[in-house]
Amino acid sequence: MIFKKKRPAKQKPAGKKPLVSRKEFLGIAGATGAAALVTQLITTGPLSPEAIKGIGERTHGAEDGKSKHKWSMAIDLSSCIGCQYCVWTCQATNDVPDDDMRWNIGFPEKTETGSDFFMTRPCLHCEEAPCVKVCPVGATWIRADGIVAMDYNRCIGCRYCEVACPYDVRRFNWKPSTAKNNYQPTWGSPEIERRARGVVEKCTFCNQRIDRGIEFGLTPGIDREATPACVNICPVNARVFGDLNDPESPISIFLAENDTFRLREDFGTEPKVHYVRPEKENA
Amino acid sequence: MLKLDISIPKEGRQRVWWIWIGVLGLLLAVGLFGAIRVLVKGLQVTGLSDQVPWGLWITQDLSSIATGAGAFTFSAIVYLFRIKKYRPIARAAVFVGFLGYSSAMLSLAMDIGRPDRFWHPLVFWNVHSVLWEITWCVILYSTVLILEFLPILFENSYFDRWPKLRVYGGMIHKAAPIFAGIGLGLSLLHQSSLGATYGVLSGRAIWYKPSLPVMFILSAVAGGISMTLLLTVLVSKLTGRQIITEELRSDISRLAGFALLAYLYLKLWDWAATSYYSHSPGATQALALLQTTTPYTRTFWWIEIVIGGILPALILFTDRFRKNDRYLLFALAAIVVGVTVNRWNVTLSGLVAPPHWSPGVLGRIISAPYLPTWNEIIVSLGIIAYALLTFSFGVRYLPIFPRKDEPSH
Ligand code: SF4
Ligand code: SF4
């Protein structure tokens, strides 16, 4: 970049003033080039006021100014029956053919007292997300509405976010994703493009549904078209979704009525996915 | 005083040189093939996984930068603190530093999933990311290293045709203290930040501690000094000419020893404070897992502490041993190996012992094993070959080392 900027400046004075000494000429060329570069940097380049503002917005979570919503999910482990429908519908909807790449994983678990339960885990959309803090290019950021989003066109595939996420959420595209998706059409149809080789992907709370739904005046968490696929499909309503800022939303009501916890709060990540214990007290 | 005689006799030199260059050239070619295969097939040809996303190449990246730290150390000593006696080794340090940083960039280019977007950190900023800060520092510092190196390059007779270049070289040389200052600042920042890469991750108990950045920079200073001196002594022994005086050699070894001691002292307290005098469930669990499923507990104690720490410290601080060629070479190499193994252990230990986050007892702790594949290994060897090859040509054709007693080449 530096050299590109300098070259044209170098030739112009050389043509007009052939008598200038080499040293002077290089000095002029250098100064012109440097001045051009600095001007460029602070007017339209990465150091420009807009660019700097943009960085702050993206990394501080106010991408589109302010949002009056704060999306959140609850998973009731005591009513989950372990059918795995949420896992499969996620794979169909977000077009994840490879089982090793699941965004929403599920696996059999045991409580301390020995009873079986089924554990599922989407991305927890942490309010203090370590993955967002570490990304060197801001390819993952927290939106004003609380969703931790990914920009697949910006990600350089360094995988620092995978290292930073303590919940094993993120998946890297080690190879091109070309396999047929066997979960379609039974469990849903693809709503987003497949990701390219070399970038990291993860659960998005189906933000394509939320964003479109709001455009059409729907309420995510209540209207099915605007609600994450996994929440819709659950046959026992073990997953609840909605807006934390709205006291009447399904999630606010659910959190008020149930005793919930979040995964490893000691990490200081402030997850926005809440869980109900597999065995209710005195149950 | 035991002298090691490995100098190659004058008649055989040409042959040995070509064999050496041939072997390295071959390695480089094989590495190039490996690199192309990675670019074509993607990172699926590595042994990495979503549980262990960083491995051999990140280790190589961290170690190359650490062992390249001699450059800023000696530049600062010579040009900022004005301790002139170290001057004869400053050029070699800058050269070794440059090779370390360029190797690191090569291994990083291999490691990222989208090498075509390598420039993104320059344009898209996330000032909260240590990795972003490291990228900037490494790029800026590499520029400083290149500038510091140019005057040496211009001294080659090839550049006779552009006498002006030497003038500019001289100007750069006059600005050496400025570069040394900038270099010192940048190095302090990114060498420590490389430790912070791991140290800031609250989810991984073994990593999450403020001592990591400091341990990284101290070990880099020890490793960087050792690497520079090791190569200098080797070249001197192989060519049979004295490059630096016995006295200077002894002083530099002691310097490496002091850096090593500082590092060991911090390591001792780091261990004592986190594993001996206190108890944290996360770290204890992870360490237990490491002990039962990996060799890293053993490589920590034996290679990092005993072979790469205590032994070399003993050698470097005992007059008799330090002045013995064999012992000295062993000690310096052991420090470099110790620092490299440390980078591997730090990276892998945090990854193969992931945190337990499930509310159940089975957890989903997949302690994924990691072994580099042949493809990763040949690429790494190729990068090492690149560094050694460039070093060899540099030593042969550039005035990297002062040549007092060998007037003509
Ligand atoms: S769960 Fe992991 S990927 Fe999701 S926001 Fe938190 S740290 Fe990021
Ligand atoms: S892999 Fe992509 S999203 Fe993750 S930290 Fe690197 S650039 Fe950011």
# chains A, B, ... in the order shown; residues from 1 in each chain; ligands from 1
$ interface_residues --of "chain A" --to "chain B" --cutoff "7 Å" --atoms "only C-alpha atoms" --output "VMD selection string"
chain A and resid 46 55 59 109 to 112 133 to 138 156 to 159 162 to 164 166 to 167 171 to 172 174 to 175 198 to 199 263 to 264 267
$ write_last_selection --atoms "N, CA, C and O atoms" --output "tab-separated table (two decimals), in the first residue's frame"
chain	number	residue	atom	x	y	z
A	46	PRO	N	-8.55	3.59	7.34
A	46	PRO	CA	-8.92	3.00	8.63
A	46	PRO	C	-8.80	3.96	9.81
A	46	PRO	O	-9.31	3.67	10.88
A	55	ILE	N	-15.82	1.10	14.13
A	55	ILE	CA	-15.20	0.05	14.93
A	55	ILE	C	-15.84	0.00	16.30
A	55	ILE	O	-16.23	-1.03	16.80
A	59	THR	N	-17.83	-3.21	17.80
A	59	THR	CA	-17.30	-3.99	18.90
A	59	THR	C	-18.02	-3.71	20.20
A	59	THR	O	-17.98	-4.51	21.11
A	109	GLU	N	-26.88	-37.05	29.49
A	109	GLU	CA	-26.13	-36.64	30.69
A	109	GLU	C	-26.69	-37.34	31.93
A	109	GLU	O	-27.74	-37.98	31.87
A	110	LYS	N	-25.99	-37.20	33.04
A	110	LYS	CA	-26.41	-37.77	34.32
A	110	LYS	C	-26.26	-36.71	35.39
A	110	LYS	O	-25.28	-35.97	35.39
A	111	THR	N	-27.22	-36.65	36.30
A	111	THR	CA	-27.08	-35.70	37.40
A	111	THR	C	-26.19	-36.31	38.49
A	111	THR	O	-25.86	-37.49	38.44
A	112	GLU	N	-25.86	-35.50	39.47
A	112	GLU	CA	-25.01	-35.99	40.56
A	112	GLU	C	-25.66	-37.15	41.30
A	112	GLU	O	-24.99	-38.02	41.83
A	133	LYS	N	-14.54	-10.47	22.18
A	133	LYS	CA	-13.39	-9.67	22.60
A	133	LYS	C	-12.14	-10.04	21.83
A	133	LYS	O	-11.34	-9.18	21.51
A	134	VAL	N	-11.95	-11.34	21.54
A	134	VAL	CA	-10.66	-11.76	20.98
A	134	VAL	C	-10.54	-11.62	19.47
A	134	VAL	O	-9.43	-11.59	18.94
A	135	CYS	N	-11.64	-11.53	18.77
A	135	CYS	CA	-11.57	-11.55	17.30
A	135	CYS	C	-10.76	-10.37	16.77
A	135	CYS	O	-11.11	-9.21	17.00
A	136	PRO	N	-9.65	-10.63	16.07
A	136	PRO	CA	-8.75	-9.54	15.66
A	136	PRO	C	-9.35	-8.63	14.59
A	136	PRO	O	-8.82	-7.56	14.33
A	137	VAL	N	-10.42	-9.07	13.93
A	137	VAL	CA	-10.96	-8.26	12.84
A	137	VAL	C	-12.40	-7.85	13.09
A	137	VAL	O	-13.04	-7.29	12.21
A	138	GLY	N	-12.93	-8.15	14.26
A	138	GLY	CA	-14.32	-7.82	14.55
A	138	GLY	C	-15.29	-8.56	13.66
A	138	GLY	O	-16.36	-8.06	13.33
A	156	ILE	N	-11.11	-14.25	9.22
A	156	ILE	CA	-9.88	-14.71	8.56
A	156	ILE	C	-9.56	-16.17	8.93
A	156	ILE	O	-8.55	-16.70	8.49
A	157	GLY	N	-10.38	-16.75	9.77
A	157	GLY	CA	-10.17	-18.16	10.11
A	157	GLY	C	-9.02	-18.42	11.06
A	157	GLY	O	-8.40	-19.47	11.01
A	158	CYS	N	-8.74	-17.46	11.96
A	158	CYS	CA	-7.62	-17.66	12.89
A	158	CYS	C	-8.00	-18.61	14.02
A	158	CYS	O	-7.14	-19.14	14.70
A	159	ARG	N	-9.28	-18.78	14.26
A	159	ARG	CA	-9.83	-19.71	15.26
A	159	ARG	C	-9.54	-19.30	16.70
A	159	ARG	O	-9.65	-20.12	17.61
A	162	GLU	N	-12.63	-19.79	18.71
A	162	GLU	CA	-12.87	-21.17	19.13
A	162	GLU	C	-12.11	-21.47	20.41
A	162	GLU	O	-12.59	-22.16	21.29
A	163	VAL	N	-10.88	-20.94	20.45
A	163	VAL	CA	-10.05	-21.15	21.63
A	163	VAL	C	-10.66	-20.42	22.82
A	163	VAL	O	-10.63	-20.89	23.95
A	164	ALA	N	-11.26	-19.25	22.57
A	164	ALA	CA	-11.76	-18.41	23.66
A	164	ALA	C	-13.11	-18.85	24.20
A	164	ALA	O	-13.38	-18.69	25.39
A	166	PRO	N	-15.63	-20.79	26.04
A	166	PRO	CA	-15.46	-21.88	26.99
A	166	PRO	C	-16.51	-22.97	26.85
A	166	PRO	O	-16.47	-23.97	27.56
A	167	TYR	N	-17.52	-22.77	25.97
A	167	TYR	CA	-18.63	-23.71	25.89
A	167	TYR	C	-18.59	-24.58	24.63
A	167	TYR	O	-19.59	-25.17	24.27
A	171	ARG	N	-17.57	-23.70	15.47
A	171	ARG	CA	-17.13	-24.74	14.54
A	171	ARG	C	-16.43	-24.11	13.35
A	171	ARG	O	-16.92	-23.14	12.76
A	172	PHE	N	-15.29	-24.69	13.01
A	172	PHE	CA	-14.50	-24.18	11.88
A	172	PHE	C	-14.77	-25.02	10.64
A	172	PHE	O	-14.95	-26.23	10.74
A	174	TRP	N	-13.34	-26.85	8.26
A	174	TRP	CA	-12.05	-27.47	7.89
A	174	TRP	C	-12.02	-27.83	6.42
A	174	TRP	O	-10.99	-27.78	5.78
A	175	LYS	N	-13.19	-28.23	5.90
A	175	LYS	CA	-13.26	-28.60	4.47
A	175	LYS	C	-14.48	-27.95	3.86
A	175	LYS	O	-15.37	-27.50	4.58
A	198	GLY	N	-12.81	-22.45	5.59
A	198	GLY	CA	-11.85	-21.53	6.19
A	198	GLY	C	-12.42	-20.48	7.12
A	198	GLY	O	-11.67	-19.65	7.61
A	199	VAL	N	-13.73	-20.48	7.37
A	199	VAL	CA	-14.26	-19.53	8.35
A	199	VAL	C	-14.95	-20.28	9.48
A	199	VAL	O	-15.27	-21.45	9.36
A	263	LEU	N	-24.90	-21.46	32.51
A	263	LEU	CA	-23.73	-22.34	32.51
A	263	LEU	C	-22.47	-21.58	32.95
A	263	LEU	O	-22.15	-20.53	32.39
A	264	ARG	N	-21.80	-22.13	33.92
A	264	ARG	CA	-20.51	-21.60	34.41
A	264	ARG	C	-20.49	-20.07	34.52
A	264	ARG	O	-19.69	-19.39	33.88
A	267	PHE	N	-17.29	-17.90	34.92
A	267	PHE	CA	-16.41	-17.43	33.85
A	267	PHE	C	-16.62	-15.95	33.56
A	267	PHE	O	-15.85	-15.34	32.81
$ residues_around --residues "stretch 146-153 of chain B" --least-positions-apart "6" --cutoff "10 Å" --atoms "only C-alpha atoms" --output "ChimeraX atom specification"
/B:71,75,91-92,94-95,97-98,140,159,165-173,175-176,179-180,183,394,397-400
$ residues_near_ligand --ligand "ligand 1" --cutoff "9 Å" --atoms "only C-alpha atoms and all ligand atoms" --output "ChimeraX atom specification"
/A:121-132,140-142,147-149,161-162,164-170,201-204,269-273 /B:203
$ write_last_selection --atoms "N, CA and C atoms" --output "compact mmCIF listing (two decimals), in the first residue's frame"
# COMPACT_ATOMS: atom_id res chain seq x y z
N ARG A 121 -27.42 -27.58 23.95
CA ARG A 121 -26.73 -26.30 24.10
C ARG A 121 -26.56 -25.56 22.77
N PRO A 122 -27.27 -24.46 22.61
CA PRO A 122 -27.02 -23.59 21.46
C PRO A 122 -25.86 -22.65 21.81
N CYS A 123 -25.61 -21.63 20.99
CA CYS A 123 -24.68 -20.59 21.44
C CYS A 123 -25.38 -19.82 22.55
N LEU A 124 -24.64 -19.47 23.59
CA LEU A 124 -25.28 -18.84 24.75
C LEU A 124 -25.40 -17.32 24.58
N HIS A 125 -24.90 -16.80 23.48
CA HIS A 125 -24.97 -15.36 23.20
C HIS A 125 -24.60 -14.53 24.43
N CYS A 126 -23.40 -14.80 24.90
CA CYS A 126 -22.89 -14.15 26.12
C CYS A 126 -22.90 -12.63 25.98
N GLU A 127 -23.30 -11.97 27.05
CA GLU A 127 -23.29 -10.51 27.05
C GLU A 127 -21.83 -10.01 27.10
N GLU A 128 -20.98 -10.75 27.79
CA GLU A 128 -19.54 -10.42 27.85
C GLU A 128 -18.79 -11.51 27.08
N ALA A 129 -19.12 -11.67 25.82
CA ALA A 129 -18.63 -12.82 25.07
C ALA A 129 -17.12 -12.78 24.84
N PRO A 130 -16.40 -13.80 25.33
CA PRO A 130 -14.95 -13.84 25.08
C PRO A 130 -14.64 -13.93 23.60
N CYS A 131 -15.49 -14.62 22.84
CA CYS A 131 -15.23 -14.78 21.41
C CYS A 131 -15.23 -13.42 20.72
N VAL A 132 -16.09 -12.53 21.16
CA VAL A 132 -16.18 -11.20 20.55
C VAL A 132 -14.95 -10.37 20.90
N THR A 140 -16.81 -11.19 14.51
CA THR A 140 -17.91 -11.60 15.36
C THR A 140 -18.11 -10.46 16.34
N TRP A 141 -19.37 -10.06 16.50
CA TRP A 141 -19.64 -8.91 17.36
C TRP A 141 -21.00 -9.06 17.99
N ILE A 142 -21.25 -8.26 19.00
CA ILE A 142 -22.52 -8.39 19.68
C ILE A 142 -23.44 -7.27 19.24
N ILE A 147 -27.66 -10.31 20.21
CA ILE A 147 -27.25 -11.50 19.46
C ILE A 147 -25.78 -11.39 19.09
N VAL A 148 -25.04 -12.47 19.34
CA VAL A 148 -23.63 -12.50 18.94
C VAL A 148 -23.59 -12.99 17.50
N ALA A 149 -23.27 -12.07 16.60
CA ALA A 149 -23.37 -12.35 15.17
C ALA A 149 -22.01 -12.63 14.55
N CYS A 161 -11.41 -17.34 18.34
CA CYS A 161 -12.71 -17.37 19.00
C CYS A 161 -13.05 -18.78 19.48
N GLU A 162 -12.63 -19.79 18.71
CA GLU A 162 -12.87 -21.17 19.13
C GLU A 162 -12.11 -21.47 20.41
N ALA A 164 -11.26 -19.25 22.57
CA ALA A 164 -11.76 -18.41 23.66
C ALA A 164 -13.11 -18.85 24.20
N CYS A 165 -13.98 -19.38 23.36
CA CYS A 165 -15.31 -19.77 23.84
C CYS A 165 -15.18 -20.95 24.79
N PRO A 166 -15.63 -20.79 26.04
CA PRO A 166 -15.46 -21.88 26.99
C PRO A 166 -16.51 -22.97 26.85
N TYR A 167 -17.52 -22.77 25.97
CA TYR A 167 -18.63 -23.71 25.89
C TYR A 167 -18.59 -24.58 24.63
N ASP A 168 -17.45 -24.61 23.94
CA ASP A 168 -17.30 -25.48 22.79
C ASP A 168 -18.39 -25.24 21.75
N VAL A 169 -18.69 -23.97 21.49
CA VAL A 169 -19.80 -23.63 20.61
C VAL A 169 -19.36 -23.52 19.16
N ARG A 170 -18.17 -22.99 18.95
CA ARG A 170 -17.81 -22.60 17.59
C ARG A 170 -17.26 -23.75 16.76
N GLU A 201 -18.13 -20.77 12.16
CA GLU A 201 -19.57 -20.51 12.21
C GLU A 201 -20.14 -20.94 13.55
N LYS A 202 -21.34 -20.50 13.83
CA LYS A 202 -22.00 -20.87 15.08
C LYS A 202 -23.47 -20.46 15.06
N CYS A 203 -24.18 -20.90 16.07
CA CYS A 203 -25.60 -20.58 16.23
C CYS A 203 -25.82 -19.08 16.26
N THR A 204 -26.90 -18.64 15.59
CA THR A 204 -27.19 -17.20 15.48
C THR A 204 -28.51 -16.81 16.13
N THR A 269 -18.98 -14.65 31.75
CA THR A 269 -19.37 -14.43 30.37
C THR A 269 -20.80 -13.90 30.24
N GLU A 270 -21.57 -13.94 31.31
CA GLU A 270 -22.97 -13.46 31.31
C GLU A 270 -23.78 -14.02 30.14
N PRO A 271 -23.96 -15.33 30.10
CA PRO A 271 -24.72 -15.91 28.98
C PRO A 271 -26.18 -15.44 28.99
N LYS A 272 -26.81 -15.45 27.81
CA LYS A 272 -28.23 -15.07 27.73
C LYS A 272 -29.10 -16.30 27.48
N VAL A 273 -28.55 -17.50 27.71
CA VAL A 273 -29.37 -18.70 27.68
C VAL A 273 -29.46 -19.21 29.11
N GLY B 203 -12.24 -18.58 30.61
CA GLY B 203 -12.84 -19.91 30.60
C GLY B 203 -11.85 -21.05 30.78
$ atom_distance --atom1 "atom CA of B:Ala220" --atom2 "atom CA of B:Ala66"
4.3 Å
$ closest_residue --among "A:Pro228, A:Tyr152, A:Trp103, A:Ser177" --to "A:Gln208" --atoms "only C-alpha atoms"
A:Pro228
$ closest_residue --among "A:Glu193, A:Asp116, A:Gly33, A:Asp98" --to "A:Asn173" --atoms "only C-alpha atoms"
A:Asp98
$ closest_residue --among "A:Asn258, A:Asn153, A:Asn237, A:Thr32" --to "A:Ser79" --atoms "only C-alpha atoms"
A:Asn237
$ select_by_dssp --residues "stretch 253-385 of chain B" --states "helix (DSSP H, G or I)" --output "PyMOL selection string"
chain B and resi 253-276+281-293+296-316+319-322+325-352+374-385
$ closest_residue --among "A:Glu215, A:Asp151, A:Asp246, A:Asp266" --to "ligand 2" --atoms "only C-alpha atoms and all ligand atoms"
A:Asp151
$ residues_around --residues "A:Pro108" --least-positions-apart "4" --cutoff "8 Å" --atoms "only C-alpha atoms" --output "list in words"
Gly82, Asp116, Phe117, Phe118 and Met119 of chain A
$ closest_residue --among "A:Glu257, A:Ile233, A:Ala196, A:Leu244" --to "ligand 2" --atoms "only C-alpha atoms and all ligand atoms"
A:Ala196
$ atom_distance --atom1 "atom CA of B:Tyr276" --atom2 "atom CA of B:Ser211"
15.6 Å
$ atom_distance --atom1 "atom CA of A:Pro235" --atom2 "atom CA of A:Tyr85"
8.3 Å
$ residues_around --residues "B:Trp302" --least-positions-apart "4" --cutoff "12 Å" --atoms "only C-alpha atoms" --output "PyMOL selection string"
chain B and resi 295-298+306-311+334+337-338+341-342
$ select_by_dssp --residues "stretch 158-282 of chain A" --states "strand (DSSP E or B)" --output "PyMOL selection string"
chain A and resi 171-172+200-201+220+223+239-243+260-261+273-276
$ write_last_selection --atoms "all heavy atoms" --output "short mmCIF file (atom, residue, chain, number, x, y, z; two decimals), in the first residue's frame"
data_model
loop_
_atom_site.label_atom_id
_atom_site.label_comp_id
_atom_site.auth_asym_id
_atom_site.auth_seq_id
_atom_site.Cartn_x
_atom_site.Cartn_y
_atom_site.Cartn_z
N ARG A 171 -17.57 -23.70 15.47
CA ARG A 171 -17.13 -24.74 14.54
C ARG A 171 -16.43 -24.11 13.35
O ARG A 171 -16.92 -23.14 12.76
CB ARG A 171 -18.34 -25.55 14.06
CG ARG A 171 -19.02 -26.35 15.16
CD ARG A 171 -18.11 -27.47 15.66
NE ARG A 171 -18.71 -28.23 16.75
CZ ARG A 171 -18.47 -27.97 18.04
NH1 ARG A 171 -17.66 -27.00 18.40
NH2 ARG A 171 -19.03 -28.71 18.96
N PHE A 172 -15.29 -24.69 13.01
CA PHE A 172 -14.50 -24.18 11.88
C PHE A 172 -14.77 -25.02 10.64
O PHE A 172 -14.95 -26.23 10.74
CB PHE A 172 -13.01 -24.24 12.25
CG PHE A 172 -12.08 -23.73 11.18
CD1 PHE A 172 -12.02 -22.39 10.89
CD2 PHE A 172 -11.26 -24.61 10.48
CE1 PHE A 172 -11.16 -21.91 9.90
CE2 PHE A 172 -10.39 -24.14 9.51
CZ PHE A 172 -10.35 -22.79 9.22
N VAL A 200 -15.18 -19.56 10.57
CA VAL A 200 -15.82 -20.14 11.75
C VAL A 200 -17.31 -19.82 11.70
O VAL A 200 -17.71 -18.75 11.23
CB VAL A 200 -15.17 -19.59 13.03
CG1 VAL A 200 -16.04 -19.82 14.24
CG2 VAL A 200 -13.81 -20.24 13.25
N GLU A 201 -18.13 -20.77 12.16
CA GLU A 201 -19.57 -20.51 12.21
C GLU A 201 -20.14 -20.94 13.55
O GLU A 201 -19.47 -21.63 14.33
CB GLU A 201 -20.28 -21.23 11.07
CG GLU A 201 -20.09 -22.74 11.10
CD GLU A 201 -20.78 -23.43 9.93
OE1 GLU A 201 -20.40 -23.14 8.79
OE2 GLU A 201 -21.69 -24.24 10.17
N PRO A 220 -40.94 -11.98 17.85
CA PRO A 220 -40.15 -13.19 18.07
C PRO A 220 -40.45 -13.79 19.44
O PRO A 220 -40.59 -13.07 20.42
CB PRO A 220 -38.71 -12.70 17.98
CG PRO A 220 -38.78 -11.45 17.16
CD PRO A 220 -40.09 -10.83 17.50
N ASP A 223 -44.69 -15.23 17.60
CA ASP A 223 -45.01 -15.61 16.22
C ASP A 223 -43.97 -16.61 15.73
O ASP A 223 -42.77 -16.32 15.76
CB ASP A 223 -45.03 -14.37 15.33
CG ASP A 223 -46.14 -13.42 15.74
OD1 ASP A 223 -47.29 -13.88 15.82
OD2 ASP A 223 -45.84 -12.23 15.99
N ARG A 239 -38.15 -25.27 25.25
CA ARG A 239 -37.38 -24.07 24.91
C ARG A 239 -38.31 -22.87 24.81
O ARG A 239 -39.36 -22.94 24.19
CB ARG A 239 -36.64 -24.25 23.59
CG ARG A 239 -35.46 -25.20 23.73
CD ARG A 239 -34.56 -25.14 22.52
NE ARG A 239 -33.39 -26.00 22.76
CZ ARG A 239 -32.20 -25.81 22.21
NH1 ARG A 239 -32.01 -24.79 21.39
NH2 ARG A 239 -31.20 -26.61 22.48
N VAL A 240 -37.88 -21.79 25.46
CA VAL A 240 -38.68 -20.57 25.49
C VAL A 240 -37.80 -19.44 24.97
O VAL A 240 -36.60 -19.41 25.25
CB VAL A 240 -39.11 -20.27 26.94
CG1 VAL A 240 -39.97 -19.02 26.99
CG2 VAL A 240 -39.84 -21.45 27.53
N PHE A 241 -38.38 -18.54 24.19
CA PHE A 241 -37.60 -17.46 23.59
C PHE A 241 -38.35 -16.15 23.71
O PHE A 241 -39.57 -16.12 23.82
CB PHE A 241 -37.36 -17.76 22.10
CG PHE A 241 -36.37 -16.85 21.45
CD1 PHE A 241 -35.01 -17.05 21.64
CD2 PHE A 241 -36.79 -15.79 20.66
CE1 PHE A 241 -34.09 -16.20 21.04
CE2 PHE A 241 -35.87 -14.93 20.06
CZ PHE A 241 -34.51 -15.16 20.25
N GLY A 242 -37.62 -15.05 23.71
CA GLY A 242 -38.30 -13.77 23.72
C GLY A 242 -37.40 -12.62 24.11
O GLY A 242 -36.17 -12.75 24.18
N ASP A 243 -38.04 -11.50 24.36
CA ASP A 243 -37.36 -10.24 24.61
C ASP A 243 -37.28 -9.95 26.11
O ASP A 243 -38.30 -9.78 26.77
CB ASP A 243 -38.16 -9.13 23.89
CG ASP A 243 -37.47 -7.78 23.99
OD1 ASP A 243 -36.40 -7.71 24.63
OD2 ASP A 243 -38.01 -6.81 23.43
N THR A 260 -33.93 -20.56 37.63
CA THR A 260 -33.03 -20.89 36.52
C THR A 260 -31.58 -20.62 36.88
O THR A 260 -31.28 -19.92 37.86
CB THR A 260 -33.37 -20.08 35.26
OG1 THR A 260 -33.33 -18.70 35.60
CG2 THR A 260 -34.73 -20.44 34.72
N PHE A 261 -30.69 -21.17 36.08
CA PHE A 261 -29.26 -20.90 36.25
C PHE A 261 -28.65 -20.78 34.87
O PHE A 261 -29.29 -21.10 33.86
CB PHE A 261 -28.59 -22.02 37.05
CG PHE A 261 -28.47 -23.31 36.27
CD1 PHE A 261 -27.27 -23.66 35.67
CD2 PHE A 261 -29.56 -24.15 36.12
CE1 PHE A 261 -27.16 -24.85 34.94
CE2 PHE A 261 -29.46 -25.33 35.39
CZ PHE A 261 -28.26 -25.68 34.81
N VAL A 273 -28.55 -17.50 27.71
CA VAL A 273 -29.37 -18.70 27.68
C VAL A 273 -29.46 -19.21 29.11
O VAL A 273 -28.43 -19.38 29.78
CB VAL A 273 -28.76 -19.78 26.75
CG1 VAL A 273 -29.52 -21.08 26.89
CG2 VAL A 273 -28.79 -19.30 25.31
N HIS A 274 -30.71 -19.38 29.57
CA HIS A 274 -30.94 -19.80 30.95
C HIS A 274 -31.43 -21.24 30.97
O HIS A 274 -32.12 -21.67 30.06
CB HIS A 274 -31.98 -18.88 31.60
CG HIS A 274 -31.59 -17.44 31.60
ND1 HIS A 274 -31.13 -16.79 32.71
CD2 HIS A 274 -31.56 -16.53 30.59
CE1 HIS A 274 -30.84 -15.53 32.40
NE2 HIS A 274 -31.09 -15.35 31.12
N TYR A 275 -31.09 -21.96 32.02
CA TYR A 275 -31.48 -23.36 32.12
C TYR A 275 -32.31 -23.60 33.38
O TYR A 275 -32.11 -22.93 34.41
CB TYR A 275 -30.25 -24.26 32.19
CG TYR A 275 -29.58 -24.47 30.85
CD1 TYR A 275 -28.59 -23.60 30.40
CD2 TYR A 275 -29.92 -25.55 30.05
CE1 TYR A 275 -27.97 -23.79 29.18
CE2 TYR A 275 -29.30 -25.76 28.82
CZ TYR A 275 -28.32 -24.88 28.39
OH TYR A 275 -27.72 -25.08 27.18
N VAL A 276 -33.21 -24.59 33.31
CA VAL A 276 -33.88 -25.09 34.51
C VAL A 276 -33.25 -26.43 34.82
O VAL A 276 -33.00 -27.23 33.91
CB VAL A 276 -35.40 -25.26 34.25
CG1 VAL A 276 -36.07 -25.95 35.44
CG2 VAL A 276 -36.04 -23.91 33.99
#
$ decode --residues "stretch 90-115 of chain A" --atoms "C-alpha atoms" --output "PDB file, in the first residue's frame"
ATOM      1  CA  CYS A  90     -31.240 -26.531  13.447  1.00  0.00           C
ATOM      2  CA  GLN A  91     -29.135 -28.553  11.017  1.00  0.00           C
ATOM      3  CA  ALA A  92     -31.856 -28.318   8.368  1.00  0.00           C
ATOM      4  CA  THR A  93     -32.710 -24.641   8.869  1.00  0.00           C
ATOM      5  CA  ASN A  94     -29.159 -23.362   9.050  1.00  0.00           C
ATOM      6  CA  ASP A  95     -27.938 -25.914   6.509  1.00  0.00           C
ATOM      7  CA  VAL A  96     -25.356 -27.781   8.570  1.00  0.00           C
ATOM      8  CA  PRO A  97     -25.098 -31.213   6.938  1.00  0.00           C
ATOM      9  CA  ASP A  98     -22.154 -32.415   9.004  1.00  0.00           C
ATOM     10  CA  ASP A  99     -23.042 -33.796  12.449  1.00  0.00           C
ATOM     11  CA  ASP A 100     -19.646 -32.719  13.793  1.00  0.00           C
ATOM     12  CA  MET A 101     -20.487 -29.129  12.943  1.00  0.00           C
ATOM     13  CA  ARG A 102     -23.767 -28.940  14.871  1.00  0.00           C
ATOM     14  CA  TRP A 103     -24.615 -25.465  16.124  1.00  0.00           C
ATOM     15  CA  ASN A 104     -27.052 -26.819  18.653  1.00  0.00           C
ATOM     16  CA  ILE A 105     -25.657 -29.950  20.242  1.00  0.00           C
ATOM     17  CA  GLY A 106     -27.416 -32.524  22.379  1.00  0.00           C
ATOM     18  CA  PHE A 107     -26.046 -35.421  24.402  1.00  0.00           C
ATOM     19  CA  PRO A 108     -27.145 -37.762  27.199  1.00  0.00           C
ATOM     20  CA  GLU A 109     -26.135 -36.642  30.687  1.00  0.00           C
ATOM     21  CA  LYS A 110     -26.409 -37.773  34.321  1.00  0.00           C
ATOM     22  CA  THR A 111     -27.080 -35.698  37.402  1.00  0.00           C
ATOM     23  CA  GLU A 112     -25.011 -35.993  40.557  1.00  0.00           C
ATOM     24  CA  THR A 113     -27.691 -38.196  42.062  1.00  0.00           C
ATOM     25  CA  GLY A 114     -27.527 -40.527  39.088  1.00  0.00           C
ATOM     26  CA  SER A 115     -30.660 -39.751  37.136  1.00  0.00           C
TER      27      SER A 115
END
